[in-house]
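Structure file final_13.cif (mmCIF, C-alpha atoms) is printed below.
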data_target
loop_
_atom_site.label_atom_id
_atom_site.label_comp_id
_atom_site.auth_asym_id
_atom_site.auth_seq_id
_atom_site.Cartn_x
_atom_site.Cartn_y
_atom_site.Cartn_z
CA VAL A 537 98.18 88.09 89.69
CA ARG A 538 101.15 85.77 90.11
CA SER A 539 99.76 84.33 93.34
CA LEU A 540 96.25 83.51 92.08
CA PRO A 541 97.24 80.61 89.77
CA SER A 542 99.57 79.20 92.41
CA ASP A 543 96.61 79.19 94.79
CA GLY A 544 94.62 77.14 92.25
CA LEU A 545 92.43 80.07 91.20
CA ARG A 546 91.61 80.93 87.59
CA VAL A 547 90.62 84.49 86.63
CA VAL A 548 87.37 84.54 84.60
CA ASP A 549 86.73 88.30 84.48
CA PHE A 550 88.50 91.49 85.45
CA ALA A 551 88.13 95.26 85.53
CA CYS A 552 90.85 97.89 85.67
CA GLY A 553 90.13 101.15 87.45
CA THR A 554 92.16 104.31 87.78
CA TYR A 555 93.99 103.00 90.84
CA GLN A 556 92.94 99.38 91.30
CA ILE A 557 92.30 96.05 89.61
CA LEU A 558 89.35 93.81 90.45
CA VAL A 559 89.14 90.15 89.37
CA LEU A 560 86.55 87.40 89.58
CA THR A 561 87.80 83.83 89.95
CA ASP A 562 86.28 80.60 88.70
CA GLN A 563 85.27 79.88 92.31
CA GLY A 564 83.21 83.09 92.52
CA SER A 565 85.64 85.00 94.72
CA LEU A 566 86.57 88.63 94.17
CA TYR A 567 90.16 89.85 94.54
CA GLU A 568 91.46 93.41 94.34
CA TRP A 569 94.78 95.19 94.54
CA GLY A 570 96.33 98.57 93.85
CA GLY A 571 95.70 102.04 95.18
CA LYS A 572 99.01 102.07 97.07
CA THR A 573 97.29 99.83 99.61
CA TRP A 574 97.62 96.28 98.30
CA LEU A 575 100.55 95.35 96.08
CA GLU A 576 99.35 91.75 95.72
CA PRO A 577 95.79 90.47 95.27
CA ARG A 578 93.69 90.26 98.40
CA GLU A 579 90.28 88.67 98.67
CA VAL A 580 87.54 91.30 98.88
CA PRO A 581 85.90 91.04 102.32
CA VAL A 582 82.23 90.09 102.02
CA GLU A 583 79.59 90.09 104.74
CA PRO A 584 78.34 86.54 105.41
CA HIS A 585 74.75 87.44 104.44
CA ASP A 586 75.97 88.71 101.01
CA ARG A 587 78.42 85.87 100.25
CA GLU A 588 75.95 83.62 98.42
CA LYS A 589 74.60 86.39 96.20
CA LEU A 590 78.11 87.67 95.41
CA SER A 591 79.19 84.18 94.37
CA SER A 592 77.10 84.72 91.20
CA VAL A 593 78.79 87.89 89.88
CA LYS A 594 78.26 88.35 86.14
CA LYS A 595 79.82 91.78 85.50
CA LEU A 596 82.57 93.89 87.09
CA ALA A 597 83.41 97.58 86.70
CA THR A 598 85.87 99.88 88.45
CA GLY A 599 86.53 103.58 88.41
CA ASP A 600 88.45 106.11 90.47
CA LYS A 601 88.62 104.40 93.88
CA PHE A 602 85.32 102.52 93.57
CA SER A 603 84.20 99.10 92.35
CA LEU A 604 80.90 97.68 91.10
CA ALA A 605 79.62 94.13 90.64
CA VAL A 606 76.35 92.94 89.08
CA THR A 607 75.07 89.53 90.19
CA ALA A 608 73.06 86.95 88.22
CA ASP A 609 69.79 88.23 89.70
CA GLY A 610 70.58 91.81 88.62
CA THR A 611 71.61 93.20 92.00
CA LEU A 612 74.32 95.88 91.92
CA PHE A 613 76.93 95.90 94.68
CA SER A 614 79.22 98.89 95.18
CA TRP A 615 82.18 99.69 97.42
CA GLY A 616 85.02 102.18 97.69
CA SER A 617 85.10 105.95 97.99
CA ARG A 618 81.90 108.00 97.92
CA ALA A 619 83.76 110.98 96.41
CA THR A 620 82.89 110.02 92.81
CA SER A 621 79.14 109.70 93.55
CA CYS A 622 79.10 106.32 91.77
CA LEU A 623 78.34 104.16 94.81
CA ALA A 624 74.57 104.87 94.53
CA GLN A 625 74.17 104.21 98.26
CA GLY A 626 72.07 107.30 99.01
CA ALA A 627 72.59 110.49 100.94
CA LYS A 628 73.49 108.74 104.21
CA CYS A 629 76.36 106.81 102.63
CA THR A 630 79.59 106.89 104.62
CA LYS A 631 82.72 108.41 103.06
CA ILE A 632 84.20 104.96 102.47
CA VAL A 633 82.23 101.76 101.91
CA PRO A 634 84.81 99.05 102.70
CA GLU A 635 82.84 95.98 101.56
CA PRO A 636 80.54 95.21 98.65
CA THR A 637 77.14 96.60 99.63
CA PRO A 638 73.89 96.07 97.70
CA VAL A 639 72.61 99.25 96.08
CA PRO A 640 69.00 99.90 97.17
CA ALA A 641 66.64 98.41 94.55
CA GLY A 642 64.67 101.65 94.32
CA THR A 643 67.73 103.40 92.89
CA PHE A 644 67.03 101.70 89.56
CA GLY A 645 63.26 101.62 89.76
CA HIS A 646 63.32 98.08 91.22
CA GLN A 647 64.60 96.78 87.87
CA PRO A 648 67.35 94.14 87.76
CA LEU A 649 70.54 95.24 86.04
CA VAL A 650 72.23 93.36 83.20
CA ASP A 651 75.31 95.51 82.65
CA VAL A 652 77.38 98.23 84.27
CA VAL A 653 80.42 100.19 83.12
CA ALA A 654 82.55 102.81 84.82
CA SER A 655 85.19 105.38 84.03
CA SER A 656 87.20 107.43 86.48
CA SER A 657 84.20 109.30 87.91
CA ARG A 658 81.18 108.10 85.92
CA CYS A 659 79.09 104.96 85.94
CA PHE A 660 76.36 103.71 83.64
CA ALA A 661 73.96 100.79 84.10
CA ILE A 662 71.53 98.99 81.81
CA SER A 663 68.44 97.37 83.30
CA LEU A 664 66.66 94.23 82.17
CA GLU A 665 63.98 96.43 80.62
CA ASP A 666 66.56 98.28 78.49
CA SER A 667 66.52 101.42 80.61
CA TYR A 668 69.78 103.31 80.68
CA LEU A 669 70.68 104.79 84.03
CA ALA A 670 73.63 107.06 84.74
#

Whole structure given in structure tokens:
Amino acid sequence: VRSLPSDGLRVVDFACGTYQILVLTDQGSLYEWGGKTWLEPREVPVEPHDREKLSSVKKLATGDKFSLAVTADGTLFSWGSRATSCLAQGAKCTKIVPEPTPVPAGTFGHQPLVDVVASSSRCFAISLEDSYLA
């Protein structure tokens, strides 16, 4: 985290997973490190068509080699290893999802999410209509 303040970035939220740390900056950027891959924070790569939506992240969660982010409009993004089954990307999901990818809206009954939490291999989401989805 030493390099983030020196780059003029302020951390406004964070999540600690089993092997990684994920932070949200005051400029809406996501940084991650850990997992024997990154010893210093690196900006999470984001597809250009998802950049605007991901600039409004409201909630972060991390688990065992996966990360989750909920945006202001209730969209859930997931990335990391499929092994924990917490990516919610469907049966055709690749083994590794390297970038934040929107979870299909039908996964949560087309309801926007307001919160998400994760442990090593479990995740739990709350929808706008107070449905609890695991």

All residues 9 Å or closer to Leu664 (chain A), all atoms listed in the file, same chain fewer than 5 positions away omitted, as a PDB file with C-alpha atoms, keeping the file's coordinate frame:
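Final output, selection_3.pdb:
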ATOM      1  CA  GLY A 610      70.580  91.810  88.620  1.00  0.00           C
ATOM      2  CA  GLN A 647      64.600  96.780  87.870  1.00  0.00           C
ATOM      3  CA  PRO A 648      67.350  94.140  87.760  1.00  0.00           C
ATOM      4  CA  LEU A 649      70.540  95.240  86.040  1.00  0.00           C
ATOM      5  CA  VAL A 650      72.230  93.360  83.200  1.00  0.00           C
ATOM      6  CA  ASP A 651      75.310  95.510  82.650  1.00  0.00           C
TER       7      ASP A 651
END

| task | Quick one: apply the PyMOL selection byres ((chain A and resi 617) around 7) to the file and drop the selected residues here as a PyMOL selection string. | result | chain A and resi 601-602+615-616+618-620+631-633

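Distance check against Arg578 (chain A) using only C-alpha atoms: of A:Val593, A:Val639, A:Cys629, A:Leu558, the minimum falls on A:Leu558.
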
| field | Distance criterion (all atoms listed in the file): nearest to Cys552 (chain A) out of A:Gly626, A:Pro636, A:Gly570, A:Gly564 | value |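 Closest to Cys552 (chain A), using all atoms listed in the file: A:Gly570.
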
| query | In Å, with one decimal, what is the gap from CA of Leu590 (chain A) to CA of Thr554 (chain A)? | reply |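 Computed distance, CA of Leu590 (chain A) to CA of Thr554 (chain A), equals 23.1 Å.
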
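Between CA of Ala608 (chain A) and CA of Pro584 (chain A) the interatomic distance comes to 18.0 Å.
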
| task | Quick one: pull the distance between CA of Leu540 (chain A) and CA of Asp562 (chain A), Å, one decimal. | result |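 These atoms are spaced 10.9 Å apart.
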
| Expected residue set, 9 Å radius at (89.2, 85.5, 93.8), all atoms listed in the file, as a PyMOL selection string | chain A and resi 540+545-547+558-568+577-580

| Target residues per the PyMOL selection byres ((chain A and resi 662) around 12), formatted as a list in words |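 When the PyMOL selection byres ((chain A and resi 662) around 12) is applied to the shown file, the picked residues are Lys595, Val606, Gly610, Thr611, Leu612, Phe644, Gly645, Gln647, Pro648, Leu649, Val650, Asp651, Val652, Val653, Cys659, Phe660, Ala661, Ser663, Leu664, Glu665, Asp666, Ser667, Tyr668, Leu669 and Ala670 of chain A.
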
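Between Gly642 (chain A) and the residues A:Ser603, A:Ser592, A:Thr573, A:Gln625, the shortest atom-to-atom distance, using only C-alpha atoms, involves A:Gln625.
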
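Take the candidates A:Tyr555, A:Trp574, A:Trp569, A:Phe550 and check each one against Gly599 (chain A) using only C-alpha atoms; the shortest distance goes to A:Tyr555.
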
Got a sec to resolve the PyMOL selection byres ((chain A and resi 597) around 6) on this structure and send the residues as a JSON list (two decimals) with C-alpha atoms, in the frame of the given file?
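Wrote selection.json, looks like this:
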[["chain", "number", "residue", "atom", "x", "y", "z"],
["A", 551, "ALA", "CA", 88.13, 95.26, 85.53],
["A", 596, "LEU", "CA", 82.57, 93.89, 87.09],
["A", 598, "THR", "CA", 85.87, 99.88, 88.45],
["A", 603, "SER", "CA", 84.20, 99.10, 92.35],
["A", 604, "LEU", "CA", 80.90, 97.68, 91.10],
["A", 653, "VAL", "CA", 80.42, 100.19, 83.12],
["A", 654, "ALA", "CA", 82.55, 102.81, 84.82]]

Can you tell me, as JSON, the centre and edge lengths (Å, one decimal) of the axis-aligned box enclosing all of region 656-665 of chain A's listed atoms after padding each side by 3 Å?
{"center_x": 75.6, "center_y": 101.8, "center_z": 84.3, "size_x": 29.2, "size_y": 21.1, "size_z": 13.3}
